[in-house]
Each structure stands twice: as structure tokens, then as C-alpha cells.
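This is entry05.cif. It holds mmCIF, C-alpha atoms and all ligand atoms.
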```
data_work
loop_
_atom_site.label_atom_id
_atom_site.label_comp_id
_atom_site.auth_asym_id
_atom_site.auth_seq_id
_atom_site.Cartn_x
_atom_site.Cartn_y
_atom_site.Cartn_z
CA MET B 1 0.00 0.00 0.00
CA LEU B 2 1.03 3.59 -0.67
CA VAL B 3 1.08 5.88 2.39
CA ASP B 4 0.34 9.56 1.76
CA ILE B 5 0.42 12.05 4.67
CA LYS B 6 0.85 15.27 2.67
CA GLY B 7 -0.38 18.20 4.76
CA LYS B 8 -0.72 16.18 7.97
CA ASP B 9 0.24 17.64 11.36
CA VAL B 10 2.52 15.44 13.48
CA LEU B 11 1.59 16.18 17.11
CA THR B 12 2.02 12.70 18.62
CA THR B 13 2.59 9.26 17.10
CA GLN B 14 -0.64 8.13 18.79
CA GLU B 15 -2.48 10.23 16.19
CA LEU B 16 -0.69 8.54 13.28
CA SER B 17 -1.86 5.14 12.05
CA VAL B 18 0.52 2.20 12.49
CA ASP B 19 0.93 2.17 8.69
CA GLU B 20 1.91 5.84 8.75
CA ILE B 21 4.46 5.13 11.50
CA LYS B 22 5.88 2.23 9.48
CA ALA B 23 6.10 4.39 6.35
CA ILE B 24 7.99 7.17 8.18
CA LEU B 25 10.41 4.61 9.66
CA LYS B 26 10.93 2.92 6.29
CA LEU B 27 11.73 6.23 4.59
CA ALA B 28 13.95 7.38 7.48
CA LYS B 29 16.02 4.19 7.19
CA GLU B 30 16.36 4.69 3.43
CA MET B 31 17.35 8.33 3.99
CA LYS B 32 19.96 7.21 6.52
CA LYS B 33 21.44 4.71 4.05
CA ASP B 34 21.41 7.08 1.03
CA ARG B 35 21.83 10.25 3.03
CA PHE B 36 22.93 12.68 0.29
CA ASP B 37 21.34 10.93 -2.69
CA LYS B 38 19.89 13.29 -5.26
CA LYS B 39 16.49 11.60 -5.02
CA PHE B 40 16.13 13.35 -1.63
CA ASN B 41 18.19 16.53 -1.77
CA GLN B 42 15.76 18.76 -3.70
CA LEU B 43 12.50 17.76 -2.03
CA LEU B 44 12.19 21.07 -0.17
CA LYS B 45 14.03 23.19 -2.76
CA ASP B 46 13.30 26.90 -2.21
CA LYS B 47 11.03 26.07 0.75
CA THR B 48 11.28 27.36 4.33
CA PHE B 49 10.57 25.42 7.53
CA LEU B 50 9.86 27.66 10.53
CA MET B 51 11.08 26.58 13.97
CA PHE B 52 9.44 28.24 16.94
CA PHE B 53 11.39 27.58 20.19
CA PHE B 54 9.92 28.64 23.54
CA ASN B 55 12.49 26.39 25.29
CA PRO B 56 16.15 25.59 24.59
CA SER B 57 17.37 22.61 22.60
CA LEU B 58 20.53 21.07 21.21
CA ARG B 59 19.45 18.00 19.19
CA THR B 60 16.08 19.25 18.00
CA ARG B 61 17.21 22.60 16.68
CA ILE B 62 20.35 21.32 14.96
CA SER B 63 18.78 18.16 13.53
CA PHE B 64 15.81 20.07 12.07
CA GLU B 65 18.14 22.67 10.55
CA ALA B 66 20.31 19.92 9.07
CA ALA B 67 17.18 18.09 7.85
CA ALA B 68 15.92 21.16 5.97
CA THR B 69 19.40 21.72 4.45
CA GLU B 70 19.70 18.09 3.35
CA LEU B 71 16.28 18.26 1.68
CA GLY B 72 17.36 21.36 -0.27
CA GLY B 73 15.38 23.86 1.84
CA HIS B 74 16.02 26.24 4.70
CA ALA B 75 15.05 26.22 8.39
CA GLN B 76 14.38 29.54 10.09
CA PHE B 77 14.81 29.81 13.86
CA LEU B 78 12.23 31.94 15.72
CA GLU B 79 12.20 32.87 19.40
CA PRO B 80 9.15 34.33 21.18
CA LYS B 81 11.12 37.33 22.45
CA THR B 82 11.91 38.38 18.89
CA MET B 83 8.34 37.78 17.73
CA ARG B 84 6.44 40.09 20.09
CA LEU B 85 4.96 37.10 21.91
CA LYS B 86 4.20 37.05 25.62
CA LYS B 87 3.29 34.36 28.11
CA THR B 88 -0.11 34.37 29.79
CA SER B 89 -1.65 32.06 32.37
CA GLN B 90 -3.17 30.14 29.46
CA GLY B 91 0.16 29.70 27.72
CA VAL B 92 1.27 32.11 25.05
CA GLU B 93 -0.39 35.01 23.36
CA VAL B 94 0.63 37.37 20.59
CA GLN B 95 1.00 41.01 21.59
CA ALA B 96 -0.22 44.13 19.81
CA GLY B 97 -3.70 42.73 19.47
CA GLU B 98 -2.59 40.01 17.09
CA THR B 99 -4.20 36.64 17.71
CA ILE B 100 -2.77 33.20 16.94
CA GLU B 101 -5.47 33.01 14.28
CA ASP B 102 -3.97 36.03 12.48
CA ALA B 103 -0.29 35.28 13.06
CA ALA B 104 -0.65 31.61 12.06
CA GLN B 105 -2.41 32.37 8.81
CA VAL B 106 0.30 34.87 7.85
CA LEU B 107 3.13 32.44 8.74
CA ALA B 108 1.49 29.76 6.60
CA ARG B 109 1.83 32.05 3.57
CA TYR B 110 5.64 32.10 4.02
CA ALA B 111 6.51 28.54 4.94
CA ALA B 112 6.09 24.90 3.91
CA GLY B 113 5.65 23.86 7.55
CA MET B 114 6.34 24.89 11.11
CA GLY B 115 7.79 23.16 14.18
CA ILE B 116 7.04 24.30 17.73
CA ARG B 117 8.76 23.49 21.03
CA ILE B 118 7.02 24.53 24.23
CA LEU B 119 7.70 22.66 27.47
CA GLU B 120 6.17 22.79 30.96
CA THR B 121 8.41 25.64 32.14
CA SER B 122 6.84 27.92 29.52
CA VAL B 123 3.24 27.27 30.61
CA LYS B 124 1.25 27.41 33.85
CA HIS B 125 -0.85 24.25 33.52
CA TYR B 126 -0.21 20.78 32.18
CA GLY B 127 -1.49 20.57 28.59
CA ASP B 128 -1.30 24.29 27.77
CA GLY B 129 1.77 23.74 25.56
CA ASN B 130 0.04 21.01 23.59
CA ALA B 131 -3.06 23.22 23.32
CA LEU B 132 -0.93 25.98 21.80
CA LEU B 133 0.31 23.61 19.08
CA ARG B 134 -3.25 22.56 18.35
CA GLU B 135 -4.29 26.20 18.06
CA TYR B 136 -1.53 26.86 15.49
CA ALA B 137 -2.51 23.64 13.67
CA ARG B 138 -6.11 24.86 13.56
CA TRP B 139 -5.18 28.06 11.74
CA MET B 140 -2.25 26.97 9.56
CA ASN B 141 -2.88 25.10 6.33
CA VAL B 142 0.70 23.77 6.31
CA PRO B 143 1.90 20.94 8.60
CA ILE B 144 2.72 21.63 12.25
CA ILE B 145 5.42 19.36 13.66
CA ASN B 146 5.68 18.94 17.41
CA MET B 147 9.31 19.58 18.39
CA ALA B 148 8.45 18.60 22.04
CA ASP B 149 5.59 20.05 24.03
CA ASP B 150 4.47 19.43 27.62
CA LYS B 151 2.79 16.15 26.58
CA TYR B 152 4.43 14.62 23.52
CA HIS B 153 7.65 14.37 21.51
CA PRO B 154 6.78 12.37 18.37
CA CYS B 155 10.12 12.84 16.57
CA GLN B 156 11.88 11.44 19.63
CA GLY B 157 9.54 8.43 19.85
CA LEU B 158 10.05 7.62 16.16
CA SER B 159 13.84 7.90 16.56
CA ASP B 160 13.76 5.64 19.64
CA VAL B 161 11.98 2.81 17.84
CA MET B 162 14.06 3.28 14.69
CA GLY B 163 17.22 2.72 16.78
CA MET B 164 15.65 -0.17 18.67
CA GLU B 165 14.69 -1.89 15.38
CA GLU B 166 18.13 -1.26 13.87
CA HIS B 167 19.74 -3.12 16.77
CA ARG B 168 17.17 -5.82 17.57
CA GLY B 169 14.90 -6.17 14.50
CA ASP B 170 11.10 -6.43 14.77
CA LEU B 171 9.99 -5.14 18.17
CA LYS B 172 6.80 -7.22 18.39
CA GLY B 173 6.70 -9.30 21.59
CA LYS B 174 9.92 -7.77 22.99
CA THR B 175 9.93 -5.98 26.35
CA VAL B 176 10.92 -2.42 27.16
CA LEU B 177 11.44 -1.24 30.72
CA MET B 178 10.75 2.45 31.33
CA SER B 179 12.12 3.32 34.76
CA TRP B 180 11.92 6.57 36.69
CA ALA B 181 15.32 7.80 37.88
CA HIS B 182 16.39 10.32 40.49
CA GLY B 183 18.04 13.58 39.55
CA ALA B 184 18.12 17.32 39.84
CA LEU B 185 16.43 18.28 36.59
CA ALA B 186 12.68 17.82 37.18
CA ARG B 187 12.19 16.49 33.68
CA SER B 188 9.20 16.68 31.39
CA TYR B 189 6.84 13.84 30.46
CA CYS B 190 7.02 14.33 26.68
CA SER B 191 9.76 11.84 25.69
CA VAL B 192 8.55 9.29 28.25
CA HIS B 193 4.93 9.46 27.04
CA GLU B 194 5.96 9.19 23.43
CA ASN B 195 8.15 6.14 24.01
CA LEU B 196 5.43 4.37 25.99
CA LEU B 197 2.85 5.16 23.31
CA ILE B 198 4.87 4.13 20.28
CA THR B 199 6.44 0.98 21.74
CA SER B 200 3.05 -0.29 22.95
CA ARG B 201 1.57 0.61 19.58
CA LEU B 202 4.22 -1.45 17.77
CA GLY B 203 3.45 -4.55 19.83
CA MET B 204 5.97 -4.42 22.67
CA ASN B 205 5.41 -5.50 26.27
CA VAL B 206 5.82 -2.49 28.55
CA LYS B 207 7.11 -2.44 32.13
CA LEU B 208 6.82 0.88 33.89
CA ALA B 209 8.75 1.33 37.14
CA TYR B 210 8.55 4.35 39.41
CA PRO B 211 8.41 5.25 43.11
CA LYS B 212 4.96 5.65 44.66
CA GLY B 213 3.73 9.19 43.98
CA TYR B 214 5.30 9.49 40.52
CA ASP B 215 2.30 8.30 38.49
CA LEU B 216 2.14 9.55 34.94
CA PRO B 217 -1.07 11.26 33.76
CA GLU B 218 -3.94 8.76 33.76
CA GLU B 219 -5.13 9.58 30.24
CA GLU B 220 -1.74 8.61 28.75
CA ILE B 221 -1.49 5.41 30.78
CA ALA B 222 -5.00 4.49 29.61
CA LYS B 223 -3.83 4.85 25.99
CA VAL B 224 -0.74 2.70 26.61
CA LYS B 225 -2.87 0.01 28.28
CA LYS B 226 -5.30 0.06 25.36
CA ASN B 227 -2.44 -0.20 22.84
CA CYS B 228 -1.16 -3.26 24.75
CA GLU B 229 -4.64 -4.82 24.94
CA MET B 230 -5.10 -4.37 21.19
CA ASN B 231 -1.76 -6.10 20.54
CA GLY B 232 -2.28 -8.83 23.19
CA THR B 233 0.87 -7.70 25.01
CA LYS B 234 1.63 -7.09 28.69
CA PHE B 235 1.61 -3.80 30.59
CA GLU B 236 2.92 -3.77 34.16
CA ILE B 237 3.56 -1.11 36.80
CA ILE B 238 6.23 -1.86 39.42
CA ASN B 239 6.96 0.46 42.37
CA ASP B 240 10.46 -0.85 43.03
CA PRO B 241 13.87 0.31 41.69
CA TYR B 242 15.29 -3.23 41.21
CA ALA B 243 12.47 -5.73 40.63
CA ALA B 244 11.62 -4.71 37.06
CA TYR B 245 15.12 -5.55 35.78
CA ASN B 246 14.81 -9.20 34.80
CA GLU B 247 15.46 -11.64 31.95
CA ASP B 248 12.44 -10.49 29.88
CA VAL B 249 13.81 -6.98 29.42
CA GLU B 250 15.54 -6.18 26.10
CA PHE B 251 15.54 -2.38 26.35
CA VAL B 252 16.01 -0.16 29.40
CA TYR B 253 15.00 3.52 29.37
CA SER B 254 15.95 5.22 32.65
CA ARG B 255 14.72 8.78 32.95
CA ASN B 256 13.71 11.30 35.56
CA TRP B 257 10.26 12.88 35.40
CA PHE B 258 8.49 15.22 37.79
CA GLY B 259 5.62 14.24 40.08
CA PRO B 260 1.95 15.06 39.38
CA ASP B 261 2.04 18.02 41.83
CA PHE B 262 4.91 19.74 39.94
CA TYR B 263 2.75 22.61 38.70
CA GLU B 264 1.72 23.43 42.30
CA ILE B 265 4.97 22.83 44.21
CA GLY B 266 7.37 24.13 41.52
CA LYS B 267 10.78 23.04 40.29
CA GLU B 268 12.86 23.57 43.44
CA ALA B 269 10.58 21.48 45.68
CA GLU B 270 10.39 18.75 43.05
CA ILE B 271 14.19 18.62 42.75
CA ALA B 272 14.66 18.54 46.54
CA ARG B 273 12.35 15.52 46.76
CA ALA B 274 13.63 13.61 43.73
CA ARG B 275 17.35 13.94 44.34
CA LYS B 276 17.10 11.95 47.61
CA MET B 277 15.87 8.75 45.92
CA THR B 278 19.34 7.60 44.90
CA ASP B 279 18.29 3.92 44.64
CA TRP B 280 16.56 4.85 41.40
CA ILE B 281 19.44 4.68 38.92
CA CYS B 282 20.26 2.33 36.06
CA ASP B 283 23.58 0.62 36.80
CA GLN B 284 25.51 -2.34 35.38
CA GLU B 285 24.44 -4.70 38.18
CA ARG B 286 20.80 -4.12 37.21
CA MET B 287 21.53 -4.33 33.46
CA ASP B 288 23.25 -7.71 34.05
CA ARG B 289 19.92 -9.16 35.23
CA THR B 290 18.26 -8.40 31.86
CA ASN B 291 18.26 -10.15 28.50
CA ASN B 292 21.45 -8.32 27.42
CA ALA B 293 19.28 -5.18 27.29
CA LEU B 294 20.19 -2.09 25.29
CA PHE B 295 20.21 1.23 27.10
CA ILE B 296 18.09 3.93 25.47
CA HIS B 297 17.49 7.57 26.40
CA PRO B 298 16.39 10.72 24.50
CA MET B 299 19.36 12.76 25.81
CA PRO B 300 20.58 14.97 27.38
CA VAL B 301 21.54 12.25 29.88
CA ASP B 302 21.90 13.12 33.57
CA ARG B 303 24.93 10.90 34.15
CA GLY B 304 25.47 9.62 37.68
CA LYS B 305 21.78 10.11 38.48
CA GLU B 306 19.62 8.62 35.74
CA VAL B 307 22.33 6.16 34.71
CA THR B 308 25.92 5.37 35.58
CA ASP B 309 28.74 6.32 33.19
CA GLU B 310 29.53 2.63 32.86
CA VAL B 311 26.09 1.94 31.31
CA ALA B 312 25.69 5.22 29.38
CA SER B 313 29.11 4.79 27.70
CA GLY B 314 29.03 0.99 27.62
CA PRO B 315 28.70 -1.36 24.63
CA ASN B 316 24.92 -1.74 25.08
CA SER B 317 24.19 1.97 25.01
CA ILE B 318 22.55 3.09 21.74
CA ILE B 319 21.81 6.67 22.79
CA THR B 320 23.97 8.30 20.09
CA ASP B 321 22.44 6.16 17.33
CA ILE B 322 18.99 7.25 18.51
CA ALA B 323 20.05 10.90 18.63
CA GLU B 324 21.38 10.59 15.06
CA ASN B 325 18.04 9.13 14.01
CA ARG B 326 16.34 12.41 14.90
CA LEU B 327 17.81 13.79 11.67
CA HIS B 328 16.54 10.91 9.54
CA THR B 329 13.04 10.62 11.02
CA GLN B 330 12.55 14.39 10.76
CA LYS B 331 13.72 14.37 7.12
CA ALA B 332 11.20 11.59 6.44
CA ILE B 333 8.39 13.51 8.18
CA MET B 334 9.20 16.72 6.30
CA ALA B 335 9.48 14.93 2.95
CA MET B 336 6.14 13.19 3.44
CA THR B 337 4.08 15.96 5.04
CA MET B 338 5.57 18.99 3.26
CA ALA B 339 6.88 17.68 -0.09
CA GLY B 340 4.16 15.05 -0.49
CA LEU B 341 6.52 12.09 -0.92
CA LYS B 342 4.47 8.88 -0.79
CA VAL B 343 5.93 5.69 0.69
CA LYS B 344 5.08 2.11 -0.27
CA ILE B 345 4.92 -0.29 2.66
N1 LIG B 401 16.00 14.89 22.96
C1 LIG B 401 15.87 16.20 22.69
O1 LIG B 401 14.80 16.67 22.26
O2 LIG B 401 17.01 16.92 22.86
P1 LIG B 401 17.09 18.51 22.87
O3 LIG B 401 16.30 18.98 24.06
O4 LIG B 401 18.56 18.82 22.97
O5 LIG B 401 16.50 19.03 21.60
#
```
Please, can you express the file's structure as C-alpha cells?
Ligand code: CP
Amino acid sequence: MLVDIKGKDVLTTQELSVDEIKAILKLAKEMKKDRFDKKFNQLLKDKTFLMFFFNPSLRTRISFEAAATELGGHAQFLEPKTMRLKKTSQGVEVQAGETIEDAAQVLARYAAGMGIRILETSVKHYGDGNALLREYARWMNVPIINMADDKYHPCQGLSDVMGMEEHRGDLKGKTVLMSWAHGALARSYCSVHENLLITSRLGMNVKLAYPKGYDLPEEEIAKVKKNCEMNGTKFEIINDPYAAYNEDVEFVYSRNWFGPDFYEIGKEAEIARARKMTDWICDQERMDRTNNALFIHPMPVDRGKEVTDEVASGPNSIITDIAENRLHTQKAIMAMTMAGLKVKI
């Protein structure tokens, strides 16, 4: 079948069909193999991709810029402070009486697509960042790509599973362990949600380990459970830092995330609480109990807290391969949604 997602917004992989996910991954792998082939390097010729960053980034900004260049186009970096935008309790608003409706429709006349990053520290309430993306998507008739919001990070999820497949083949029936880890960064849910959603969607068993009190939002867990039910796979929650590491596990993702009361207690209180739980770290002794598991992480890694150096730099760590895949998955998304490239699966 031929998959066509021209004009589609990519806000979370949960809103793509499994065939669309497979098509993006297939194209991304081909683009990785034939990186500078002329069949790809003019797809966005003379086109501009806008990148709106409310929060900082290393991988996302650079990989999207490189992706636009390698497709023959140009990526333009925009910051709210240079765009007359201000934050409100509802998220973000355009100043000088200009609404998102007006600004978005103008931007769509200039660009082939737009990416937005807006994390929890740029909004007051959980979900406001995602709502902002949906508001831009409502008014722009070119694709909106989520470059990480307070709920989802689809490009990261696609790059995770691309790396996992490259190293271990078909993921169906394999087990991923997503474990909370201590740290001093009070990290967002977006990469964690996206990995849980896409791995369960692609037929993996999911183990989720975290200390009591660090539940992820119920609506996302309900989706992960449903994905597992539909695939006949297992979903388990374990409130113990050691017990989830066993011989079923083929992938370990160890990552800090903030507690559900983060928006009330704030970053400092969250960090003070989380940094004490030093038992929650991925180390070699735990990895040795698994089925030769690969270590995965979206980066930046909080070494010595989320994971030991021994594991992060060890032979089973595929974090750099996954980070590289951001470039290839984003090229595939841009080629399909903005240039209209169709992919046979
Ligand atoms: N993983 C990720 O999105 O990295 P950056 O925050 O550096 O973009």
C-alpha cells in the first residue's frame, strides 16, 4: 500500500496510524542509508521550515536545521522574544492585538511547515503547551510538527523505535522497561509518554517502574494500556527500583520525570524531593539481570543520576544512534508531510 500524509500535522505518534508510523520509519532508514542521494536533496528546494522555540534545545534545533538543508530547503529559527509574543496564564499570546489566528495564517503564507517546542516551564498548567500547538494547527494550512511540548515528543519516539529496530529487529513481543530515575532536573513527560505510546503501539510488552507518587497522567497510561490490549501484550507497573530488571527486558530507558504536583509545588521542591531517591538509577548490576538489554534515552543524559557512566558509555548503550536518528526521522516527516513524498509499505 502507498502511504500519503501530505499536509498532515505530526503532534504525537498516537495520532498517526501504524501504517503511517511504518512508512515514516521505512523512509527514514532509506534516507539514513542514502543520506545525500539526489532523489532526496531537492524535495524542499526553495522552501522554508519555521522553527518556533519557547524552550532551549541542542538536538532538535540542529537536527531540524540539518534536515531542511539536506532536503534542499532552509530552516528559520524563531524565538518568542523576537516575535512580540508574551506568556499568559493560558500559555502564550501574541501582543499588539494580534491573535494566533492572524499570526498563524500569515506564517502559513511564508513557509512549507512549522515546528514548535514549548515545554512545561513555559506554561502554567499541564497541557497548555500542547493546546498551543493545536491552536496553530487549527489556523495553519501547512503541517505543524511537534518539536516537544508538555505532553508529547513524536520525533523522539520515532527515533527511539528506529534505533531499537536497527539493533534488535522487529519489536513485536519484545519488552521495554521504562524506569523513573532520580536527579536534579525535574524532567518533562514528553519523551517518556511518546516512548510508551509508540512501543506499545508497535506490539511491545511495557514495564513501567517508578516510586509511589510518581504516576504519569492517567489519560496517557490508559492509551498505553489500550495499545497493549489491542496487541495482546503485557503492561505492568512496578513500584520498586530493582524488581523490574529481569530476563524479559531487552531495552532499558531510565529517565527522571516530575511528580503530578509539579505545577503546584514548583521546580525547586520537586528537585529537593527527587534527588534523595538515589536507589533509582540504572547501573551495570541491574543491566546484568536483563536479557542483554540495550540502554536507550532521548538525551541529554543526567549521568550519575539517571544512569551510571559505565552503562551510558558501555557497549549496550545506543543513545547516540537514537540521537542521530532524529535527523533521519525528521527528514522523512518533512518529505512526506511537506513535499508530499508517498511511501510504499
Ligand atoms: N532529545 C531532545 O529533544 O534533545 P534537545 O532537548 O537537545 O532538543
Env. residues ligand LIG 401 (chain B) / 12 Å / all atoms listed in the file / as a JSON list (two decimals) with C-alpha atoms, keeping the file's coordinate frame:
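Okay, out-v4.json is ready:
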```json
[["chain", "number", "residue", "atom", "x", "y", "z"],
["B", 53, "PHE", "CA", 11.39, 27.58, 20.19],
["B", 54, "PHE", "CA", 9.92, 28.64, 23.54],
["B", 55, "ASN", "CA", 12.49, 26.39, 25.29],
["B", 56, "PRO", "CA", 16.15, 25.59, 24.59],
["B", 57, "SER", "CA", 17.37, 22.61, 22.60],
["B", 58, "LEU", "CA", 20.53, 21.07, 21.21],
["B", 59, "ARG", "CA", 19.45, 18.00, 19.19],
["B", 60, "THR", "CA", 16.08, 19.25, 18.00],
["B", 61, "ARG", "CA", 17.21, 22.60, 16.68],
["B", 62, "ILE", "CA", 20.35, 21.32, 14.96],
["B", 63, "SER", "CA", 18.78, 18.16, 13.53],
["B", 64, "PHE", "CA", 15.81, 20.07, 12.07],
["B", 65, "GLU", "CA", 18.14, 22.67, 10.55],
["B", 116, "ILE", "CA", 7.04, 24.30, 17.73],
["B", 117, "ARG", "CA", 8.76, 23.49, 21.03],
["B", 118, "ILE", "CA", 7.02, 24.53, 24.23],
["B", 119, "LEU", "CA", 7.70, 22.66, 27.47],
["B", 146, "ASN", "CA", 5.68, 18.94, 17.41],
["B", 147, "MET", "CA", 9.31, 19.58, 18.39],
["B", 148, "ALA", "CA", 8.45, 18.60, 22.04],
["B", 149, "ASP", "CA", 5.59, 20.05, 24.03],
["B", 150, "ASP", "CA", 4.47, 19.43, 27.62],
["B", 152, "TYR", "CA", 4.43, 14.62, 23.52],
["B", 153, "HIS", "CA", 7.65, 14.37, 21.51],
["B", 154, "PRO", "CA", 6.78, 12.37, 18.37],
["B", 155, "CYS", "CA", 10.12, 12.84, 16.57],
["B", 156, "GLN", "CA", 11.88, 11.44, 19.63],
["B", 157, "GLY", "CA", 9.54, 8.43, 19.85],
["B", 158, "LEU", "CA", 10.05, 7.62, 16.16],
["B", 159, "SER", "CA", 13.84, 7.90, 16.56],
["B", 160, "ASP", "CA", 13.76, 5.64, 19.64],
["B", 187, "ARG", "CA", 12.19, 16.49, 33.68],
["B", 188, "SER", "CA", 9.20, 16.68, 31.39],
["B", 189, "TYR", "CA", 6.84, 13.84, 30.46],
["B", 190, "CYS", "CA", 7.02, 14.33, 26.68],
["B", 191, "SER", "CA", 9.76, 11.84, 25.69],
["B", 192, "VAL", "CA", 8.55, 9.29, 28.25],
["B", 194, "GLU", "CA", 5.96, 9.19, 23.43],
["B", 195, "ASN", "CA", 8.15, 6.14, 24.01],
["B", 255, "ARG", "CA", 14.72, 8.78, 32.95],
["B", 296, "ILE", "CA", 18.09, 3.93, 25.47],
["B", 297, "HIS", "CA", 17.49, 7.57, 26.40],
["B", 298, "PRO", "CA", 16.39, 10.72, 24.50],
["B", 299, "MET", "CA", 19.36, 12.76, 25.81],
["B", 300, "PRO", "CA", 20.58, 14.97, 27.38],
["B", 301, "VAL", "CA", 21.54, 12.25, 29.88],
["B", 319, "ILE", "CA", 21.81, 6.67, 22.79],
["B", 320, "THR", "CA", 23.97, 8.30, 20.09],
["B", 322, "ILE", "CA", 18.99, 7.25, 18.51],
["B", 323, "ALA", "CA", 20.05, 10.90, 18.63],
["B", 324, "GLU", "CA", 21.38, 10.59, 15.06],
["B", 325, "ASN", "CA", 18.04, 9.13, 14.01],
["B", 326, "ARG", "CA", 16.34, 12.41, 14.90],
["B", 327, "LEU", "CA", 17.81, 13.79, 11.67],
["B", 330, "GLN", "CA", 12.55, 14.39, 10.76]]
```
Closest to Asp248 of chain B among B:Thr48, B:Thr175, B:Thr329, B:Ser317, using only C-alpha atoms?
->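 Among B:Thr48, B:Thr175, B:Thr329, B:Ser317, it is B:Thr175 that comes nearest to Asp248 of chain B.
Take atom CA of Glu229 of chain B and atom CA of Tyr214 of chain B: the distance between them is 23.4 Å.
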Computed interatomic separation between atom CA of Pro260 of chain B and atom CA of Glu218 of chain B (Å) =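 The value is 10.3 Å.
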Quick one: residues within 10 Å of segment 256-258 of chain B, all atoms listed in the file counted, chain neighbours fewer than 2 positions away excluded, as a count of residues only?
-> 37
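Taking all atoms listed in the file into account, Glu135 of chain B lies nearest to B:Ile100 out of the set B:Ser122, B:Ser313, B:Pro217, B:Ile100.
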Calculate how many Å separate atom CA of Val176 of chain B from atom CA of Lys26 of chain B, rounding to one decimal.
->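 One can read the atom CA of Val176 of chain B to atom CA of Lys26 of chain B distance as 21.5 Å.
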Given the choices B:Val123, B:Met114, B:Ala244, B:Ala108, which gets closest to Met140 of chain B if the distance is worked out from only C-alpha atoms?
->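 That would be B:Ala108, the residue with the smallest distance to Met140 of chain B.
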For Trp139 of chain B, please output as a list in words all residues within 9 Å (counting all atoms listed in the file; exclusion window: fewer than 5 positions along the same chain).
-> Ile100, Glu101, Asp102, Ala103, Ala104, Gln105, Ala108 and Arg134 of chain B
Selection near segment 30-34 of chain B, 12 Å with all atoms listed in the file, sequence-local residues under 4 positions removed, as a ChimeraX atom specification | /B:23-26,38-41,67,70-71,159,162-163,166,321,324-335,343
(-1.0, 6.8, 12.5) in this file's frame - what residues fall within 12 Å of it? Use only C-alpha atoms and give the answer as an mmCIF file with C-alpha atoms, in the frame of the given file.
```
data_model
loop_
_atom_site.group_PDB
_atom_site.id
_atom_site.type_symbol
_atom_site.label_atom_id
_atom_site.label_comp_id
_atom_site.auth_asym_id
_atom_site.auth_seq_id
_atom_site.Cartn_x
_atom_site.Cartn_y
_atom_site.Cartn_z
ATOM 1 C CA VAL B 3 1.080 5.880 2.390
ATOM 2 C CA ASP B 4 0.340 9.560 1.760
ATOM 3 C CA ILE B 5 0.420 12.050 4.670
ATOM 4 C CA LYS B 8 -0.720 16.180 7.970
ATOM 5 C CA ASP B 9 0.240 17.640 11.360
ATOM 6 C CA VAL B 10 2.520 15.440 13.480
ATOM 7 C CA LEU B 11 1.590 16.180 17.110
ATOM 8 C CA THR B 12 2.020 12.700 18.620
ATOM 9 C CA THR B 13 2.590 9.260 17.100
ATOM 10 C CA GLN B 14 -0.640 8.130 18.790
ATOM 11 C CA GLU B 15 -2.480 10.230 16.190
ATOM 12 C CA LEU B 16 -0.690 8.540 13.280
ATOM 13 C CA SER B 17 -1.860 5.140 12.050
ATOM 14 C CA VAL B 18 0.520 2.200 12.490
ATOM 15 C CA ASP B 19 0.930 2.170 8.690
ATOM 16 C CA GLU B 20 1.910 5.840 8.750
ATOM 17 C CA ILE B 21 4.460 5.130 11.500
ATOM 18 C CA LYS B 22 5.880 2.230 9.480
ATOM 19 C CA ALA B 23 6.100 4.390 6.350
ATOM 20 C CA ILE B 24 7.990 7.170 8.180
ATOM 21 C CA LEU B 25 10.410 4.610 9.660
ATOM 22 C CA PRO B 154 6.780 12.370 18.370
ATOM 23 C CA LEU B 158 10.050 7.620 16.160
ATOM 24 C CA LEU B 197 2.850 5.160 23.310
ATOM 25 C CA ILE B 198 4.870 4.130 20.280
ATOM 26 C CA ARG B 201 1.570 0.610 19.580
ATOM 27 C CA LEU B 202 4.220 -1.450 17.770
#
```
Among the residues B:Thr121, B:Asn130, B:Thr69, B:Asn205, the one that comes closest to Leu43 of chain B [using only C-alpha atoms] =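 Closest residue, counting only C-alpha atoms: B:Thr69.
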Pick out the residues sitting within 7 Å of Gly73 of chain B, and hand them over as a short mmCIF file (atom, residue, chain, number, x, y, z; two decimals) with C-alpha atoms, keeping the file's coordinate frame; count only C-alpha atoms, and ignore anything fewer than 3 positions along from it in its own chain.
```
data_model
loop_
_atom_site.label_atom_id
_atom_site.label_comp_id
_atom_site.auth_asym_id
_atom_site.auth_seq_id
_atom_site.Cartn_x
_atom_site.Cartn_y
_atom_site.Cartn_z
CA LEU B 44 12.19 21.07 -0.17
CA LYS B 45 14.03 23.19 -2.76
CA ASP B 46 13.30 26.90 -2.21
CA LYS B 47 11.03 26.07 0.75
CA THR B 48 11.28 27.36 4.33
CA ALA B 68 15.92 21.16 5.97
CA THR B 69 19.40 21.72 4.45
#
```
Near Glu247 of chain B, within 8 Å and counting only C-alpha atoms, which residues show up once chain neighbours fewer than 5 positions away are dropped, as a list in words?
-> Arg289, Thr290 and Asn291 of chain B
Limited to C-alpha atoms, could you put the picked residues into a file as a compact mmCIF listing (two decimals), keeping the file's coordinate frame?
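For reference, part33.txt as written:
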```txt
# COMPACT_ATOMS: atom_id res chain seq x y z
CA ARG B 289 19.92 -9.16 35.23
CA THR B 290 18.26 -8.40 31.86
CA ASN B 291 18.26 -10.15 28.50
```
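The residue that comes closest to Leu341 of chain B, out of B:Leu2, B:Gln76, B:Lys124, B:Gly203 and on the basis of all atoms listed in the file, is B:Leu2.
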Can I get a file of segment 179-193 of chain B from the given structure, C-alpha atoms kept, as a PDB file, in the first residue's frame?
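Result file part.pdb:
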```pdb
ATOM      1  CA  SER B 179      12.122   3.316  34.760  1.00  0.00           C
ATOM      2  CA  TRP B 180      11.921   6.565  36.688  1.00  0.00           C
ATOM      3  CA  ALA B 181      15.324   7.802  37.878  1.00  0.00           C
ATOM      4  CA  HIS B 182      16.387  10.319  40.490  1.00  0.00           C
ATOM      5  CA  GLY B 183      18.043  13.582  39.549  1.00  0.00           C
ATOM      6  CA  ALA B 184      18.116  17.324  39.844  1.00  0.00           C
ATOM      7  CA  LEU B 185      16.432  18.279  36.594  1.00  0.00           C
ATOM      8  CA  ALA B 186      12.676  17.817  37.180  1.00  0.00           C
ATOM      9  CA  ARG B 187      12.190  16.494  33.685  1.00  0.00           C
ATOM     10  CA  SER B 188       9.198  16.682  31.392  1.00  0.00           C
ATOM     11  CA  TYR B 189       6.843  13.839  30.459  1.00  0.00           C
ATOM     12  CA  CYS B 190       7.018  14.326  26.678  1.00  0.00           C
ATOM     13  CA  SER B 191       9.756  11.842  25.694  1.00  0.00           C
ATOM     14  CA  VAL B 192       8.546   9.289  28.247  1.00  0.00           C
ATOM     15  CA  HIS B 193       4.928   9.463  27.042  1.00  0.00           C
TER      16      HIS B 193
END
```
